[in-house]
Amino acid sequence: MTTIRLNAAEEAFIEQQIKAGYYHNANDVVQAGLELLREREAKMVKLRALIQEGEHDIETGRLVSFDSAEELTALILQAVAETDN
C-alpha cells in the first residue's frame with residue numbers, strides 16, 4: 001500500500017470537498033485527482049503527436065501560406081463546400 005503525505009492545506013482541501021458533498025471520502029478525492037491527471041496526460045500525448053506531425057509537414061514542405069485572413073477563410077469555405085457535395 002502506498003503512503004501519501006499531505007500538508008495541512010491539502011488535508012483541509014480534501015475535508016472541504018467531503019463536507020461539501022462532492023466526495024464520500026478522501027480516497028474518492030484522490031481518485032478524482034488521479035483521473036484528471038490521466039486525462040491531462042492523454043491530452044498532452046495527443047498534443048505532442050500533433051506538434052510532431054506539424055513539424056514534419058513543415059520540414060517536408062506540406063504547408064500553405066496566406067497573405068490575408070480572407071484567403072484562409074475562402075480556402076476553409078471551399079473545403080466545407082467540397083465535403084457537402
# chains A, B, ... in the order shown; residues from 1 in each chain; ligands from 1
>>> select_by_dssp(residues="chain A", states="alpha helix (DSSP H)", output="PyMOL selection string")
chain A and resi 8-19+26-59+69-84
>>> atom_distance(atom1="CA of Asp28 in chain A", atom2="CA of Arg5 in chain A")
16.2 Å
>>> residues_around(residues="Asn27 in chain A", least_positions_apart="5", cutoff="10 Å", atoms="only C-alpha atoms", output="list of chain:residue names")
A:Ile14, A:Ala32, A:Gly33
>>> closest_residue(among="A:Ile51, A:Ala74, A:Ala20, A:Val30", to="Leu6 in chain A", atoms="only C-alpha atoms")
A:Val30
